[in-house]
file protein_36.cif (mmCIF, C-alpha atoms)
data_target
#
loop_
_atom_site.group_PDB
_atom_site.id
_atom_site.type_symbol
_atom_site.label_atom_id
_atom_site.label_comp_id
_atom_site.auth_asym_id
_atom_site.auth_seq_id
_atom_site.Cartn_x
_atom_site.Cartn_y
_atom_site.Cartn_z
ATOM 1 C CA MET A 1 46.096 -109.660 125.232
ATOM 2 C CA GLN A 2 46.595 -107.288 128.135
ATOM 3 C CA ASP A 3 50.047 -105.892 128.885
ATOM 4 C CA GLU A 4 49.431 -104.338 132.292
ATOM 5 C CA PRO A 5 48.577 -105.380 134.899
ATOM 6 C CA THR A 6 49.878 -108.922 134.554
ATOM 7 C CA PRO A 7 47.951 -111.870 135.987
ATOM 8 C CA GLU A 8 50.652 -112.142 138.680
ATOM 9 C CA GLU A 9 50.128 -108.507 139.655
ATOM 10 C CA LEU A 10 46.346 -108.855 139.727
ATOM 11 C CA VAL A 11 46.405 -111.920 141.958
ATOM 12 C CA LYS A 12 48.898 -110.279 144.337
ATOM 13 C CA VAL A 13 46.870 -107.060 144.574
ATOM 14 C CA VAL A 14 43.675 -108.976 145.376
ATOM 15 C CA ALA A 15 45.439 -111.125 147.997
ATOM 16 C CA ASP A 16 47.034 -108.061 149.603
ATOM 17 C CA PHE A 17 43.708 -106.202 149.634
ATOM 18 C CA LEU A 18 41.928 -109.100 151.288
ATOM 19 C CA ARG A 19 44.778 -109.627 153.772
ATOM 20 C CA ASN A 20 45.249 -105.981 154.727
ATOM 21 C CA GLU A 21 41.821 -104.364 154.290
ATOM 22 C CA ILE A 22 39.189 -107.076 154.703
ATOM 23 C CA ALA A 23 40.706 -109.726 156.985
ATOM 24 C CA PRO A 24 41.150 -107.498 160.049
ATOM 25 C CA ALA A 25 37.377 -106.900 160.139
ATOM 26 C CA ILE A 26 36.339 -110.560 159.757
ATOM 27 C CA LYS A 27 36.014 -112.892 162.745
ATOM 28 C CA GLY A 28 35.275 -116.538 163.465
ATOM 29 C CA HIS A 29 34.793 -119.172 160.816
ATOM 30 C CA ASN A 30 34.527 -116.580 158.042
ATOM 31 C CA ALA A 31 38.000 -115.320 158.989
ATOM 32 C CA PHE A 32 39.304 -118.864 158.597
ATOM 33 C CA LYS A 33 37.649 -119.222 155.184
ATOM 34 C CA LEU A 34 39.069 -115.863 154.134
ATOM 35 C CA ARG A 35 42.588 -116.943 155.166
ATOM 36 C CA VAL A 36 42.162 -120.131 153.103
ATOM 37 C CA GLY A 37 41.191 -117.992 150.101
ATOM 38 C CA ILE A 38 44.136 -115.634 150.624
ATOM 39 C CA ASN A 39 46.508 -118.601 150.895
ATOM 40 C CA ALA A 40 45.095 -119.985 147.634
ATOM 41 C CA LEU A 41 45.692 -116.648 145.904
ATOM 42 C CA ASP A 42 49.252 -116.539 147.277
ATOM 43 C CA LEU A 43 49.837 -120.067 145.945
ATOM 44 C CA VAL A 44 48.513 -119.089 142.497
ATOM 45 C CA SER A 45 50.773 -116.033 142.530
ATOM 46 C CA ARG A 46 53.836 -118.163 143.277
ATOM 47 C CA GLN A 47 52.795 -120.714 140.671
ATOM 48 C CA LEU A 48 52.427 -118.039 137.993
ATOM 49 C CA ALA A 49 55.856 -116.665 138.880
ATOM 50 C CA LEU A 50 57.750 -119.958 139.188
ATOM 51 C CA GLU A 51 55.955 -122.579 137.111
ATOM 52 C CA GLN A 52 57.436 -121.857 133.687
ATOM 53 C CA GLY A 53 61.057 -121.937 134.844
ATOM 54 C CA GLY A 54 60.504 -124.915 137.124
ATOM 55 C CA ASP A 55 58.750 -126.912 134.429
ATOM 56 C CA ALA A 56 61.464 -126.141 131.866
ATOM 57 C CA SER A 57 64.207 -127.218 134.278
ATOM 58 C CA GLU A 58 62.321 -130.371 135.227
ATOM 59 C CA ALA A 59 61.757 -131.301 131.577
ATOM 60 C CA ALA A 60 65.433 -130.736 130.754
ATOM 61 C CA ARG A 61 66.524 -132.961 133.664
ATOM 62 C CA LEU A 62 64.067 -135.672 132.616
ATOM 63 C CA LYS A 63 65.249 -135.569 128.990
ATOM 64 C CA ARG A 64 68.859 -136.037 130.133
ATOM 65 C CA LEU A 65 67.912 -138.768 132.592
ATOM 66 C CA LEU A 66 65.664 -140.723 130.216
ATOM 67 C CA GLY A 67 67.393 -139.952 126.936
ATOM 68 C CA VAL A 68 64.070 -139.196 125.229
ATOM 69 C CA ASP A 69 62.028 -136.152 124.316
ATOM 70 C CA GLY A 70 58.397 -135.446 125.136
ATOM 71 C CA SER A 71 56.042 -133.256 127.082
ATOM 72 C CA LEU A 72 56.563 -132.898 130.813
ATOM 73 C CA LEU A 73 53.576 -135.164 131.415
ATOM 74 C CA GLU A 74 54.933 -137.830 129.043
ATOM 75 C CA LEU A 75 58.406 -137.625 130.575
ATOM 76 C CA ASN A 76 57.054 -137.981 134.102
ATOM 77 C CA ARG A 77 54.966 -140.971 133.040
ATOM 78 C CA ALA A 78 58.027 -142.577 131.484
ATOM 79 C CA LEU A 79 60.040 -141.923 134.638
ATOM 80 C CA SER A 80 57.305 -143.418 136.815
ATOM 81 C CA GLU A 81 57.110 -146.522 134.633
ATOM 82 C CA LYS A 82 60.878 -147.014 134.717
ATOM 83 C CA ILE A 83 60.961 -146.640 138.502
ATOM 84 C CA ALA A 84 57.992 -149.007 138.931
ATOM 85 C CA SER A 85 59.612 -151.624 136.685
ATOM 86 C CA GLY A 86 62.912 -151.380 138.548
ATOM 87 C CA GLU A 87 64.739 -150.124 135.476
ATOM 88 C CA LEU A 88 65.670 -146.953 137.393
ATOM 89 C CA ASP A 89 66.358 -146.628 141.107
ATOM 90 C CA LEU A 90 68.202 -144.299 143.469
ATOM 91 C CA GLN A 91 71.510 -145.748 142.274
ATOM 92 C CA THR A 92 70.777 -144.421 138.771
ATOM 93 C CA PRO A 93 73.054 -141.419 138.174
ATOM 94 C CA GLY A 94 71.072 -138.195 138.337
ATOM 95 C CA LEU A 95 67.797 -139.661 139.606
ATOM 96 C CA ALA A 96 68.132 -138.710 143.279
ATOM 97 C CA GLU A 97 69.259 -135.205 142.322
ATOM 98 C CA HIS A 98 66.340 -134.846 139.921
ATOM 99 C CA LEU A 99 63.807 -135.980 142.518
ATOM 100 C CA TRP A 100 65.318 -133.669 145.145
ATOM 101 C CA GLN A 101 65.304 -130.622 142.857
ATOM 102 C CA THR A 102 61.754 -131.344 141.691
ATOM 103 C CA THR A 103 60.635 -131.571 145.324
ATOM 104 C CA MET A 104 62.363 -128.303 146.191
ATOM 105 C CA ASP A 105 60.777 -126.574 143.182
ATOM 106 C CA LYS A 106 57.330 -127.795 144.217
ATOM 107 C CA LEU A 107 57.861 -126.667 147.813
ATOM 108 C CA ALA A 108 58.854 -123.201 146.552
ATOM 109 C CA VAL A 109 55.306 -122.928 145.186
ATOM 110 C CA ASP A 110 53.287 -124.955 147.683
ATOM 111 C CA GLN A 111 55.010 -124.375 151.046
ATOM 112 C CA PRO A 112 57.768 -121.729 150.844
ATOM 113 C CA ASN A 113 57.591 -121.145 154.611
ATOM 114 C CA TYR A 114 57.971 -124.831 155.505
ATOM 115 C CA GLY A 115 60.778 -125.054 158.064
ATOM 116 C CA SER A 116 62.632 -127.962 156.472
ATOM 117 C CA TYR A 117 62.440 -126.290 153.055
ATOM 118 C CA LYS A 118 63.909 -123.082 154.444
ATOM 119 C CA ARG A 119 66.616 -125.040 156.239
ATOM 120 C CA GLU A 120 67.598 -126.795 152.996
ATOM 121 C CA LEU A 121 67.745 -123.495 151.143
ATOM 122 C CA GLY A 122 70.136 -122.246 153.805
ATOM 123 C CA THR A 123 72.479 -125.196 153.297
ATOM 124 C CA LYS A 124 72.855 -124.591 149.560
#

call {"tool": "encode", "arguments": {"input": "protein_36.cif", "output": "structure tokens"}}
result
Amino acid sequence: MQDEPTPEELVKVVADFLRNEIAPAIKGHNAFKLRVGINALDLVSRQLALEQGGDASEAARLKRLLGVDGSLLELNRALSEKIASGELDLQTPGLAEHLWQTTMDKLAVDQPNYGSYKRELGTK
């Protein structure tokens, strides 16, 4: 296994190179496609940096909420089934908070510049 550079560092360096060195020289539809690629690399970089902590927090919240153990996938399936059956709803203690925090964690990766996301961060 490699120690340096990390996958996070590699992805960031490639995105920065494309953004700063290549993108200024590209025009038209190819410039658009390049921006899409750079955005994808930026998303992967954020996911590598945030996924482990976000997943661990989400799993811990789900375990408390459901009172069971399991993988994140299994816990989310169980939550979905309980919501679909009506066993859990927004009146269930902790559910609304869990859904809100999970949404905020996903936005931190997917859309960190989204205006409403930034506004919510400012209110916390």

call {"tool": "residues_around", "arguments": {"input": "protein_36.cif", "residues": "region 34-44 of chain A", "least_positions_apart": "3", "cutoff": "10 Å", "atoms": "only C-alpha atoms", "output": "mmCIF file with C-alpha atoms, in the coordinates of the input"}}
result
data_model
loop_
_atom_site.group_PDB
_atom_site.id
_atom_site.type_symbol
_atom_site.label_atom_id
_atom_site.label_comp_id
_atom_site.auth_asym_id
_atom_site.auth_seq_id
_atom_site.Cartn_x
_atom_site.Cartn_y
_atom_site.Cartn_z
ATOM 1 C CA PRO A 7 47.951 -111.870 135.987
ATOM 2 C CA GLU A 8 50.652 -112.142 138.680
ATOM 3 C CA LEU A 10 46.346 -108.855 139.727
ATOM 4 C CA VAL A 11 46.405 -111.920 141.958
ATOM 5 C CA LYS A 12 48.898 -110.279 144.337
ATOM 6 C CA VAL A 13 46.870 -107.060 144.574
ATOM 7 C CA VAL A 14 43.675 -108.976 145.376
ATOM 8 C CA ALA A 15 45.439 -111.125 147.997
ATOM 9 C CA ASP A 16 47.034 -108.061 149.603
ATOM 10 C CA PHE A 17 43.708 -106.202 149.634
ATOM 11 C CA LEU A 18 41.928 -109.100 151.288
ATOM 12 C CA ARG A 19 44.778 -109.627 153.772
ATOM 13 C CA ILE A 22 39.189 -107.076 154.703
ATOM 14 C CA ALA A 23 40.706 -109.726 156.985
ATOM 15 C CA ILE A 26 36.339 -110.560 159.757
ATOM 16 C CA LYS A 27 36.014 -112.892 162.745
ATOM 17 C CA HIS A 29 34.793 -119.172 160.816
ATOM 18 C CA ASN A 30 34.527 -116.580 158.042
ATOM 19 C CA ALA A 31 38.000 -115.320 158.989
ATOM 20 C CA GLN A 47 52.795 -120.714 140.671
ATOM 21 C CA LEU A 48 52.427 -118.039 137.993
ATOM 22 C CA ALA A 49 55.856 -116.665 138.880
ATOM 23 C CA LEU A 50 57.750 -119.958 139.188
ATOM 24 C CA GLU A 51 55.955 -122.579 137.111
ATOM 25 C CA ALA A 108 58.854 -123.201 146.552
ATOM 26 C CA VAL A 109 55.306 -122.928 145.186
ATOM 27 C CA ASP A 110 53.287 -124.955 147.683
ATOM 28 C CA GLN A 111 55.010 -124.375 151.046
ATOM 29 C CA PRO A 112 57.768 -121.729 150.844
#

call {"tool": "resolve_selection", "arguments": {"input": "protein_36.cif", "expression": "the PyMOL selection byres ((chain A and resi 87-98) around 10)", "output": "VMD selection string"}}
result
chain A and resid 57 to 58 61 to 62 64 to 66 79 to 86 99 to 104

call {"tool": "write_last_selection", "arguments": {"input": "protein_36.cif", "atoms": "C-alpha atoms", "output": "PDB file, keeping the file's coordinate frame"}}
result
ATOM      1  CA  SER A  57      64.207-127.218 134.278  1.00  0.00           C
ATOM      2  CA  GLU A  58      62.321-130.371 135.227  1.00  0.00           C
ATOM      3  CA  ARG A  61      66.524-132.961 133.664  1.00  0.00           C
ATOM      4  CA  LEU A  62      64.067-135.672 132.616  1.00  0.00           C
ATOM      5  CA  ARG A  64      68.859-136.037 130.133  1.00  0.00           C
ATOM      6  CA  LEU A  65      67.912-138.768 132.592  1.00  0.00           C
ATOM      7  CA  LEU A  66      65.664-140.723 130.216  1.00  0.00           C
ATOM      8  CA  LEU A  79      60.040-141.923 134.638  1.00  0.00           C
ATOM      9  CA  SER A  80      57.305-143.418 136.815  1.00  0.00           C
ATOM     10  CA  GLU A  81      57.110-146.522 134.633  1.00  0.00           C
ATOM     11  CA  LYS A  82      60.878-147.014 134.717  1.00  0.00           C
ATOM     12  CA  ILE A  83      60.961-146.640 138.502  1.00  0.00           C
ATOM     13  CA  ALA A  84      57.992-149.007 138.931  1.00  0.00           C
ATOM     14  CA  SER A  85      59.612-151.624 136.685  1.00  0.00           C
ATOM     15  CA  GLY A  86      62.912-151.380 138.548  1.00  0.00           C
ATOM     16  CA  LEU A  99      63.807-135.980 142.518  1.00  0.00           C
ATOM     17  CA  TRP A 100      65.318-133.669 145.145  1.00  0.00           C
ATOM     18  CA  GLN A 101      65.304-130.622 142.857  1.00  0.00           C
ATOM     19  CA  THR A 102      61.754-131.344 141.691  1.00  0.00           C
ATOM     20  CA  THR A 103      60.635-131.571 145.324  1.00  0.00           C
ATOM     21  CA  MET A 104      62.363-128.303 146.191  1.00  0.00           C
TER      22      MET A 104
END

call {"tool": "atom_distance", "arguments": {"input": "protein_36.cif", "atom1": "CA of Asn76 (chain A)", "atom2": "CA of Ala56 (chain A)"}}
result
12.8 Å

call {"tool": "atom_distance", "arguments": {"input": "protein_36.cif", "atom1": "CA of Lys33 (chain A)", "atom2": "CA of Ser45 (chain A)"}}
result
18.5 Å

call {"tool": "atom_distance", "arguments": {"input": "protein_36.cif", "atom1": "CA of Pro5 (chain A)", "atom2": "CA of Phe32 (chain A)"}}
result
28.8 Å

call {"tool": "closest_residue", "arguments": {"input": "protein_36.cif", "among": "A:Thr123, A:Glu9, A:Asn20, A:Glu74", "to": "Arg46 (chain A)", "atoms": "all atoms listed in the file"}}
result
A:Glu9
